[in-house]
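Undergrad: I am sharing data32.txt, which consists of compact mmCIF, N, CA and C atoms and all ligand atoms:
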```
# COMPACT_ATOMS: atom_id res chain seq x y z
N MET A 5 0.85 -1.19 0.00
CA MET A 5 0.00 0.00 0.00
C MET A 5 0.88 1.24 0.00
N THR A 6 0.57 2.16 -0.83
CA THR A 6 1.32 3.41 -0.91
C THR A 6 0.64 4.45 -0.04
N ALA A 7 1.44 5.12 0.78
CA ALA A 7 0.88 6.17 1.63
C ALA A 7 0.47 7.36 0.77
N GLU A 8 -0.69 7.86 1.03
CA GLU A 8 -1.18 9.03 0.31
C GLU A 8 -0.52 10.27 0.91
N THR A 9 -0.02 11.12 0.07
CA THR A 9 0.57 12.35 0.59
C THR A 9 -0.52 13.38 0.81
N PRO A 10 -0.29 14.30 1.75
CA PRO A 10 -1.30 15.34 1.99
C PRO A 10 -1.60 16.16 0.74
N GLU A 11 -0.65 16.27 -0.17
CA GLU A 11 -0.90 17.06 -1.38
C GLU A 11 -2.07 16.49 -2.18
N ALA A 12 -2.28 15.19 -2.06
CA ALA A 12 -3.34 14.54 -2.81
C ALA A 12 -4.67 14.53 -2.05
N MET A 13 -4.65 15.03 -0.83
CA MET A 13 -5.84 14.97 -0.01
C MET A 13 -6.85 16.03 -0.41
N PRO A 14 -8.12 15.66 -0.45
CA PRO A 14 -9.13 16.69 -0.68
C PRO A 14 -9.10 17.69 0.47
N GLY A 15 -9.24 18.94 0.15
CA GLY A 15 -9.27 19.95 1.20
C GLY A 15 -7.91 20.43 1.64
N ALA A 16 -6.85 19.92 1.01
CA ALA A 16 -5.52 20.38 1.40
C ALA A 16 -5.41 21.88 1.12
N GLY A 17 -4.86 22.59 2.06
CA GLY A 17 -4.80 24.04 1.93
C GLY A 17 -3.46 24.51 1.42
N ASP A 18 -3.17 25.76 1.70
CA ASP A 18 -1.91 26.35 1.26
C ASP A 18 -0.71 25.65 1.86
N ASP A 19 -0.91 24.98 2.99
CA ASP A 19 0.21 24.36 3.66
C ASP A 19 0.37 22.90 3.28
N ALA A 20 -0.15 22.49 2.14
CA ALA A 20 0.00 21.09 1.71
C ALA A 20 1.47 20.71 1.59
N ALA A 21 2.29 21.64 1.12
CA ALA A 21 3.71 21.33 0.98
C ALA A 21 4.35 21.13 2.35
N LEU A 22 3.92 21.95 3.31
CA LEU A 22 4.45 21.82 4.67
C LEU A 22 4.04 20.47 5.27
N GLU A 23 2.79 20.10 5.03
CA GLU A 23 2.29 18.81 5.53
C GLU A 23 3.03 17.65 4.87
N ALA A 24 3.32 17.77 3.60
CA ALA A 24 4.06 16.72 2.90
C ALA A 24 5.47 16.58 3.47
N ARG A 25 6.08 17.71 3.80
CA ARG A 25 7.42 17.66 4.42
C ARG A 25 7.37 16.95 5.77
N ALA A 26 6.31 17.21 6.54
CA ALA A 26 6.18 16.56 7.84
C ALA A 26 6.03 15.05 7.68
N CYS A 27 5.23 14.63 6.71
CA CYS A 27 5.04 13.19 6.51
C CYS A 27 6.29 12.54 5.94
N ASP A 28 7.06 13.26 5.16
CA ASP A 28 8.34 12.73 4.70
C ASP A 28 9.31 12.57 5.87
N ALA A 29 9.33 13.57 6.75
CA ALA A 29 10.20 13.49 7.92
C ALA A 29 9.79 12.35 8.84
N GLN A 30 8.49 12.07 8.89
CA GLN A 30 8.02 10.98 9.75
C GLN A 30 8.70 9.66 9.37
N ARG A 31 8.95 9.46 8.10
CA ARG A 31 9.59 8.22 7.64
C ARG A 31 11.04 8.12 8.10
N ARG A 32 11.61 9.24 8.56
CA ARG A 32 12.99 9.23 9.04
C ARG A 32 13.09 9.27 10.56
N ALA A 33 11.95 9.14 11.24
CA ALA A 33 11.96 9.13 12.71
C ALA A 33 12.76 7.94 13.22
N TYR A 34 13.32 8.11 14.42
CA TYR A 34 13.99 7.00 15.10
C TYR A 34 13.18 6.71 16.35
N ALA A 35 12.25 5.76 16.23
CA ALA A 35 11.30 5.51 17.31
C ALA A 35 11.16 4.01 17.58
N PRO A 36 12.30 3.32 17.87
CA PRO A 36 12.22 1.87 18.05
C PRO A 36 11.53 1.46 19.36
N TYR A 37 11.41 2.38 20.31
CA TYR A 37 10.85 2.03 21.61
C TYR A 37 9.35 2.29 21.66
N SER A 38 8.94 3.47 21.26
CA SER A 38 7.50 3.78 21.27
C SER A 38 6.79 3.22 20.04
N ARG A 39 7.53 3.01 18.98
CA ARG A 39 6.94 2.65 17.67
C ARG A 39 5.85 3.66 17.28
N PHE A 40 6.12 4.92 17.62
CA PHE A 40 5.21 6.02 17.30
C PHE A 40 6.01 7.09 16.55
N PRO A 41 6.30 6.85 15.28
CA PRO A 41 7.10 7.82 14.54
C PRO A 41 6.31 9.11 14.29
N VAL A 42 7.01 10.21 14.49
CA VAL A 42 6.40 11.53 14.30
C VAL A 42 7.31 12.35 13.39
N GLY A 43 6.72 13.04 12.45
CA GLY A 43 7.45 13.99 11.62
C GLY A 43 6.86 15.37 11.82
N ALA A 44 7.68 16.37 11.68
CA ALA A 44 7.20 17.75 11.81
C ALA A 44 7.89 18.60 10.77
N ALA A 45 7.22 19.66 10.37
CA ALA A 45 7.83 20.68 9.52
C ALA A 45 7.37 22.03 10.05
N VAL A 46 8.29 22.95 10.13
CA VAL A 46 7.96 24.31 10.57
C VAL A 46 8.40 25.28 9.49
N ARG A 47 7.59 26.30 9.27
CA ARG A 47 8.02 27.42 8.43
C ARG A 47 8.46 28.51 9.37
N MET A 48 9.74 28.85 9.29
CA MET A 48 10.28 29.89 10.16
C MET A 48 11.08 30.87 9.32
N SER A 49 10.76 32.16 9.47
CA SER A 49 11.42 33.22 8.71
C SER A 49 11.43 32.90 7.22
N GLY A 50 10.32 32.31 6.73
CA GLY A 50 10.16 32.08 5.31
C GLY A 50 10.75 30.79 4.78
N GLU A 51 11.43 30.03 5.63
CA GLU A 51 12.04 28.78 5.19
C GLU A 51 11.39 27.61 5.92
N VAL A 52 11.43 26.44 5.30
CA VAL A 52 10.86 25.24 5.91
C VAL A 52 11.99 24.36 6.46
N PHE A 53 11.78 23.90 7.69
CA PHE A 53 12.72 23.00 8.34
C PHE A 53 11.92 21.81 8.83
N ASP A 54 12.51 20.61 8.73
CA ASP A 54 11.78 19.45 9.21
C ASP A 54 12.51 18.77 10.34
N GLY A 55 11.77 17.91 11.02
CA GLY A 55 12.31 17.19 12.16
C GLY A 55 11.52 15.92 12.38
N ALA A 56 12.09 15.04 13.19
CA ALA A 56 11.41 13.79 13.54
C ALA A 56 11.77 13.46 14.98
N ASN A 57 10.93 12.63 15.60
CA ASN A 57 11.29 12.23 16.96
C ASN A 57 12.49 11.29 16.91
N ILE A 58 13.36 11.47 17.89
CA ILE A 58 14.58 10.68 18.00
C ILE A 58 14.64 10.15 19.43
N GLU A 59 14.46 8.83 19.56
CA GLU A 59 14.40 8.23 20.89
C GLU A 59 15.77 7.69 21.31
N ASN A 60 15.82 7.24 22.57
CA ASN A 60 17.05 6.72 23.12
C ASN A 60 16.71 5.58 24.07
N ALA A 61 17.63 4.63 24.23
CA ALA A 61 17.42 3.53 25.17
C ALA A 61 17.21 4.06 26.58
N SER A 62 17.80 5.19 26.90
CA SER A 62 17.50 5.91 28.13
C SER A 62 16.32 6.83 27.80
N TYR A 63 15.12 6.33 28.02
CA TYR A 63 13.91 6.91 27.44
C TYR A 63 13.80 8.43 27.57
N GLY A 64 14.18 8.97 28.71
CA GLY A 64 13.99 10.39 28.96
C GLY A 64 14.83 11.28 28.07
N LEU A 65 15.77 10.72 27.35
CA LEU A 65 16.65 11.52 26.49
C LEU A 65 16.08 11.73 25.09
N GLY A 66 14.98 11.09 24.79
CA GLY A 66 14.37 11.27 23.46
C GLY A 66 13.86 12.69 23.28
N ILE A 67 13.67 13.06 22.03
CA ILE A 67 13.16 14.40 21.74
C ILE A 67 12.10 14.31 20.65
N CYS A 68 11.15 15.22 20.73
CA CYS A 68 10.02 15.22 19.81
C CYS A 68 10.40 15.82 18.44
N ALA A 69 9.59 15.48 17.46
CA ALA A 69 9.79 15.97 16.10
C ALA A 69 9.70 17.49 16.01
N GLU A 70 8.74 18.06 16.70
CA GLU A 70 8.53 19.51 16.61
C GLU A 70 9.77 20.26 17.10
N ARG A 71 10.35 19.77 18.20
CA ARG A 71 11.52 20.46 18.74
C ARG A 71 12.74 20.27 17.85
N THR A 72 12.93 19.10 17.27
CA THR A 72 14.09 18.96 16.37
C THR A 72 13.95 19.91 15.18
N ALA A 73 12.73 20.10 14.70
CA ALA A 73 12.52 21.02 13.57
C ALA A 73 12.81 22.47 13.99
N VAL A 74 12.28 22.88 15.13
CA VAL A 74 12.51 24.26 15.59
C VAL A 74 14.00 24.49 15.85
N PHE A 75 14.66 23.54 16.47
CA PHE A 75 16.07 23.73 16.80
C PHE A 75 16.91 23.79 15.52
N ALA A 76 16.56 23.01 14.51
CA ALA A 76 17.28 23.10 13.23
C ALA A 76 17.09 24.48 12.62
N ALA A 77 15.88 25.01 12.73
CA ALA A 77 15.61 26.35 12.20
C ALA A 77 16.46 27.40 12.91
N VAL A 78 16.49 27.32 14.23
CA VAL A 78 17.24 28.31 15.00
C VAL A 78 18.73 28.23 14.66
N LEU A 79 19.23 27.01 14.50
CA LEU A 79 20.64 26.87 14.13
C LEU A 79 20.94 27.50 12.78
N SER A 80 19.94 27.59 11.94
CA SER A 80 20.12 28.22 10.63
C SER A 80 19.84 29.71 10.65
N GLY A 81 19.51 30.23 11.82
CA GLY A 81 19.29 31.66 11.95
C GLY A 81 17.85 32.10 11.80
N ALA A 82 16.92 31.16 11.66
CA ALA A 82 15.50 31.50 11.53
C ALA A 82 14.85 31.52 12.91
N HIS A 83 14.24 32.63 13.26
CA HIS A 83 13.69 32.79 14.60
C HIS A 83 12.20 33.11 14.62
N ARG A 84 11.57 33.34 13.47
CA ARG A 84 10.16 33.76 13.46
C ARG A 84 9.28 32.60 12.98
N LEU A 85 8.52 32.01 13.90
CA LEU A 85 7.66 30.87 13.57
C LEU A 85 6.41 31.34 12.85
N GLU A 86 6.09 30.70 11.72
CA GLU A 86 4.94 31.09 10.90
C GLU A 86 3.89 29.99 10.79
N ALA A 87 4.31 28.73 10.71
CA ALA A 87 3.35 27.63 10.56
C ALA A 87 4.02 26.32 10.97
N VAL A 88 3.18 25.37 11.38
CA VAL A 88 3.66 24.08 11.86
C VAL A 88 2.79 22.98 11.27
N ALA A 89 3.42 21.89 10.86
CA ALA A 89 2.67 20.69 10.48
C ALA A 89 3.29 19.50 11.20
N VAL A 90 2.43 18.59 11.67
CA VAL A 90 2.88 17.40 12.39
C VAL A 90 2.21 16.19 11.75
N CYS A 91 2.99 15.14 11.52
CA CYS A 91 2.45 13.94 10.87
C CYS A 91 2.70 12.72 11.75
N THR A 92 1.63 12.03 12.12
CA THR A 92 1.71 10.78 12.89
C THR A 92 0.79 9.76 12.24
N GLU A 93 0.80 8.56 12.77
CA GLU A 93 -0.13 7.53 12.30
C GLU A 93 -1.45 7.59 13.06
N ALA A 94 -1.53 8.45 14.06
CA ALA A 94 -2.70 8.47 14.95
C ALA A 94 -3.97 8.91 14.23
N SER A 95 -5.09 8.41 14.72
CA SER A 95 -6.40 8.82 14.22
C SER A 95 -7.32 9.04 15.43
N PRO A 96 -7.74 10.29 15.63
CA PRO A 96 -7.43 11.49 14.86
C PRO A 96 -5.97 11.89 15.02
N PRO A 97 -5.44 12.69 14.08
CA PRO A 97 -4.02 13.08 14.14
C PRO A 97 -3.67 13.76 15.46
N SER A 98 -2.45 13.45 15.95
CA SER A 98 -2.00 13.94 17.26
C SER A 98 -1.56 15.39 17.21
N SER A 99 -1.90 16.12 18.25
CA SER A 99 -1.41 17.49 18.39
C SER A 99 -0.08 17.47 19.14
N PRO A 100 0.69 18.56 19.06
CA PRO A 100 1.98 18.61 19.77
C PRO A 100 1.81 18.48 21.29
N CYS A 101 2.81 17.88 21.93
CA CYS A 101 2.78 17.74 23.40
C CYS A 101 2.98 19.11 24.05
N GLY A 102 2.78 19.18 25.33
CA GLY A 102 2.89 20.44 26.06
C GLY A 102 4.28 21.06 25.96
N ALA A 103 5.33 20.24 26.07
CA ALA A 103 6.69 20.78 25.99
C ALA A 103 6.92 21.42 24.63
N CYS A 104 6.47 20.78 23.58
CA CYS A 104 6.67 21.35 22.24
C CYS A 104 5.83 22.61 22.05
N ARG A 105 4.66 22.65 22.61
CA ARG A 105 3.85 23.87 22.50
C ARG A 105 4.61 25.05 23.11
N GLN A 106 5.27 24.82 24.24
CA GLN A 106 6.03 25.88 24.88
C GLN A 106 7.21 26.31 24.01
N VAL A 107 7.90 25.36 23.41
CA VAL A 107 9.04 25.69 22.54
C VAL A 107 8.56 26.44 21.29
N LEU A 108 7.44 26.04 20.74
CA LEU A 108 6.88 26.75 19.58
C LEU A 108 6.55 28.19 19.97
N LEU A 109 5.97 28.37 21.14
CA LEU A 109 5.58 29.71 21.59
C LEU A 109 6.78 30.67 21.67
N GLU A 110 7.92 30.11 22.05
CA GLU A 110 9.13 30.93 22.21
C GLU A 110 9.45 31.71 20.93
N PHE A 111 9.11 31.13 19.77
CA PHE A 111 9.50 31.73 18.50
C PHE A 111 8.31 32.28 17.71
N ALA A 112 7.18 32.43 18.39
CA ALA A 112 5.96 32.91 17.73
C ALA A 112 5.64 34.32 18.19
N PRO A 113 5.96 35.35 17.38
CA PRO A 113 5.64 36.71 17.79
C PRO A 113 4.13 36.93 17.93
N ASP A 114 3.33 36.19 17.16
CA ASP A 114 1.88 36.28 17.25
C ASP A 114 1.29 34.87 17.23
N PRO A 115 1.12 34.25 18.39
CA PRO A 115 0.64 32.86 18.44
C PRO A 115 -0.72 32.66 17.79
N ALA A 116 -1.53 33.72 17.72
CA ALA A 116 -2.84 33.59 17.08
C ALA A 116 -2.71 33.51 15.56
N ALA A 117 -1.55 33.88 15.04
CA ALA A 117 -1.35 33.85 13.58
C ALA A 117 -0.60 32.60 13.12
N VAL A 118 -0.21 31.75 14.06
CA VAL A 118 0.53 30.53 13.71
C VAL A 118 -0.44 29.36 13.64
N THR A 119 -0.57 28.77 12.47
CA THR A 119 -1.44 27.61 12.31
C THR A 119 -0.64 26.33 12.58
N VAL A 120 -1.21 25.48 13.41
CA VAL A 120 -0.62 24.17 13.70
C VAL A 120 -1.58 23.12 13.12
N THR A 121 -1.08 22.36 12.16
CA THR A 121 -1.92 21.36 11.50
C THR A 121 -1.37 19.97 11.79
N ALA A 122 -2.24 19.09 12.23
CA ALA A 122 -1.87 17.69 12.48
C ALA A 122 -2.51 16.84 11.39
N VAL A 123 -1.72 15.97 10.81
CA VAL A 123 -2.22 15.11 9.73
C VAL A 123 -1.75 13.67 9.98
N ASN A 124 -2.35 12.76 9.24
CA ASN A 124 -1.80 11.41 9.15
C ASN A 124 -1.76 11.03 7.67
N PRO A 125 -1.01 9.98 7.36
CA PRO A 125 -0.84 9.63 5.95
C PRO A 125 -2.14 9.18 5.27
N ARG A 126 -3.20 8.97 6.03
CA ARG A 126 -4.48 8.56 5.45
C ARG A 126 -5.39 9.74 5.11
N GLY A 127 -4.88 10.95 5.32
CA GLY A 127 -5.63 12.11 4.88
C GLY A 127 -6.47 12.80 5.93
N GLU A 128 -6.41 12.32 7.18
CA GLU A 128 -7.14 13.02 8.24
C GLU A 128 -6.35 14.26 8.65
N ARG A 129 -7.07 15.28 9.11
CA ARG A 129 -6.42 16.56 9.40
C ARG A 129 -7.16 17.25 10.53
N ARG A 130 -6.39 17.85 11.42
CA ARG A 130 -6.94 18.75 12.45
C ARG A 130 -6.07 20.00 12.46
N SER A 131 -6.64 21.12 12.83
CA SER A 131 -5.88 22.36 12.76
C SER A 131 -6.30 23.30 13.89
N TRP A 132 -5.33 24.01 14.43
CA TRP A 132 -5.55 24.98 15.49
C TRP A 132 -4.62 26.16 15.23
N THR A 133 -4.80 27.23 16.01
CA THR A 133 -3.73 28.22 16.12
C THR A 133 -2.90 27.85 17.34
N LEU A 134 -1.67 28.35 17.36
CA LEU A 134 -0.83 28.09 18.53
C LEU A 134 -1.45 28.70 19.78
N ALA A 135 -2.12 29.83 19.63
CA ALA A 135 -2.77 30.47 20.78
C ALA A 135 -3.86 29.56 21.35
N GLU A 136 -4.54 28.82 20.49
CA GLU A 136 -5.55 27.88 20.99
C GLU A 136 -4.91 26.71 21.72
N LEU A 137 -3.76 26.25 21.23
CA LEU A 137 -3.11 25.09 21.85
C LEU A 137 -2.42 25.44 23.16
N LEU A 138 -1.98 26.68 23.31
CA LEU A 138 -1.28 27.08 24.54
C LEU A 138 -1.71 28.48 24.96
N PRO A 139 -2.93 28.59 25.48
CA PRO A 139 -3.37 29.92 25.94
C PRO A 139 -2.58 30.31 27.19
N ASP A 140 -2.24 31.58 27.28
CA ASP A 140 -1.53 32.09 28.46
C ASP A 140 -0.22 31.36 28.73
N GLY A 141 0.49 30.97 27.67
CA GLY A 141 1.78 30.30 27.85
C GLY A 141 2.81 31.24 28.45
N PHE A 142 3.82 30.65 29.03
CA PHE A 142 4.89 31.42 29.66
C PHE A 142 5.78 32.03 28.58
N SER A 143 6.15 33.30 28.74
CA SER A 143 7.04 33.92 27.77
C SER A 143 8.16 34.64 28.48
N GLY A 144 9.21 34.89 27.74
CA GLY A 144 10.36 35.58 28.29
C GLY A 144 10.05 36.98 28.75
N ARG A 145 8.92 37.53 28.27
CA ARG A 145 8.52 38.88 28.70
C ARG A 145 8.21 38.92 30.18
N GLU A 146 7.96 37.76 30.76
CA GLU A 146 7.62 37.72 32.19
C GLU A 146 8.86 37.63 33.07
N LEU A 147 10.01 37.43 32.47
CA LEU A 147 11.24 37.32 33.26
C LEU A 147 11.74 38.71 33.64
N PRO A 148 12.41 38.81 34.79
CA PRO A 148 12.88 40.14 35.22
C PRO A 148 13.96 40.68 34.28
ZN ZN B 1 6.57 17.17 21.91
```
Hey, can you dump this file as structure tokens for me?
Ligand SMILES: [Zn+2]
TA:
Amino acid sequence: MTAETPEAMPGAGDDAALEARACDAQRRAYAPYSRFPVGAAVRMSGEVFDGANIENASYGLGICAERTAVFAAVLSGAHRLEAVAVCTEASPPSSPCGACRQVLLEFAPDPAAVTVTAVNPRGERRSWTLAELLPDGFSGRELP
């Protein structure tokens, strides 16, 4: 069976390419322990960066797909988060965990303008703004 890409999905929006990148990254996840591969793609400062979850035999050392994508973006000098796509096998598609929501918020000048879309390779889709996923999140503006 061939996995359907989000580009072929009915109702795919402007971020179909971002969703396709997330599903491509999902195939490169390293998830031998959870067997829950996750791919993510973020558009930051106009460029797309992807990431996947990378686990470890020492379970607590694993990292989520969303954070690997954001950290790759920051290493490339991109600091302004514009959109996020996450691809899992879950039905309905999984939203980012709390830790990743906080990391996404760090780079979102306007969380209400950042769309977070969760998809799976079978064409299901859910979408929120980052402000909906993390209302009243902690920001550096609160630090002394
Ligand atoms: Zn996470």
Undergrad: Looking at only N, CA and C atoms and all ligand atoms, which of A:Arg39, A:Arg71, A:Arg47, A:Arg25 is the one that sits closest to ligand ZN 1 (chain B)?
TA: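 Of A:Arg39, A:Arg71, A:Arg47, A:Arg25, the one nearest ligand ZN 1 (chain B), counting only N, CA and C atoms and all ligand atoms, is A:Arg71.
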Undergrad: For a cut-off of 8 Å around (-0.1, 5.3, 12.5), file coordinates, pick out all residues using all atoms listed in the file and list them as a ChimeraX atom specification.
TA: /A:39-41,91-95,124-125
Undergrad: I'd like to know which of A:Ala44, A:Ser38, A:Gly102, A:Ile58 is closest to Ala26 in chain A, using all atoms listed in the file.
TA: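 Closest to Ala26 in chain A, using all atoms listed in the file: A:Ala44.
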Undergrad: Can you work out which one of A:Pro97, A:Gly55, A:Pro115, A:Pro36 has the shortest atom-to-atom distance to Leu134 in chain A, counting all atoms listed in the file?
TA: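 Nearest to Leu134 in chain A: A:Pro115.
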Undergrad: Let me make sure I understand: among A:Asp140, A:Ala56, A:Gly81, A:Ala89, which one has the smallest atom-to-atom distance to Ala21 in chain A if we use only C-alpha atoms?
TA: A:Ala89
Undergrad: For ligand ZN 1 (chain B), collect every residue having any atom at a distance of at most 6 Å from a ligand atom (counting only N, CA and C atoms and all ligand atoms); output as a list in words.
TA: Cys68, Ala69, Glu70, Arg71, Pro100, Cys101, Gly102, Ala103, Cys104 and Arg105 of chain A
Undergrad: If DSSP is run on the backbone, what residues of chain A are alpha helix (DSSP H)? A reply as a VMD selection string would be ideal.
TA: chain A and resid 20 to 30 69 to 79 102 to 110 134 to 137
Undergrad: Which is closer to Arg31 in chain A than all the others in A:Asp19, A:Asp54, A:Glu128, A:Glu110, using only C-alpha atoms?
TA: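 Between A:Asp19, A:Asp54, A:Glu128, A:Glu110, the residue approaching Arg31 in chain A most closely is A:Asp54.
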Undergrad: Compare A:Leu137, A:Leu85, A:Ala76, A:Leu65 by their minimum atom-to-atom distance to Gly50 in chain A, counting all atoms listed in the file, and give me the closest one.
TA: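 That would be A:Leu85, the residue with the smallest distance to Gly50 in chain A.
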Undergrad: Please report the interatomic distance between CA of Ala77 in chain A and CA of Phe53 in chain A in Å with one decimal.
TA: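 Answer for the CA of Ala77 in chain A to CA of Phe53 in chain A separation: 5.9 Å.
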Undergrad: Using atom C of Arg130 in chain A and atom C of Pro96 in chain A as the two end points, give the distance in Å to one decimal.
TA: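 Between these atoms lies a distance of 8.5 Å.
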Undergrad: Using CA of Glu86 in chain A and CA of Thr119 in chain A as the two end points, give the distance in Å to one decimal.
TA: 7.4 Å
Undergrad: Run DSSP on the backbone and grab whatever in range 21-128 of chain A lands in strand (DSSP E); send it over as a list in words.
TA: Gly43, Ala44, Ala45, Val46, Arg47, Met48, Glu51, Val52, Phe53, Asp54, Gly55, Ala56, Leu85, Glu86, Ala87, Val88, Ala89, Val90, Cys91, Thr119, Val120, Thr121, Ala122 and Val123 of chain A
Undergrad: Excluding Tyr37 in chain A and any residue of its chain fewer than 3 positions from it, enumerate the residues within 7 Å of it, using all atoms listed in the file, and give them as a PDB file with N, CA and C atoms, in the coordinates of the input.
TA:
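Heads up, here's the output in selection00.pdb:
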```
ATOM      1  N   TYR A  34      13.320   8.110  14.420  1.00  0.00           N
ATOM      2  CA  TYR A  34      13.990   7.000  15.100  1.00  0.00           C
ATOM      3  C   TYR A  34      13.180   6.710  16.350  1.00  0.00           C
ATOM      4  N   PHE A  40       6.120   4.920  17.620  1.00  0.00           N
ATOM      5  CA  PHE A  40       5.210   6.020  17.300  1.00  0.00           C
ATOM      6  C   PHE A  40       6.010   7.090  16.550  1.00  0.00           C
ATOM      7  N   GLU A  59      14.460   8.830  19.560  1.00  0.00           N
ATOM      8  CA  GLU A  59      14.400   8.230  20.890  1.00  0.00           C
ATOM      9  C   GLU A  59      15.770   7.690  21.310  1.00  0.00           C
ATOM     10  N   ASN A  60      15.820   7.240  22.570  1.00  0.00           N
ATOM     11  CA  ASN A  60      17.050   6.720  23.120  1.00  0.00           C
ATOM     12  C   ASN A  60      16.710   5.580  24.070  1.00  0.00           C
TER      13      ASN A  60
END
```
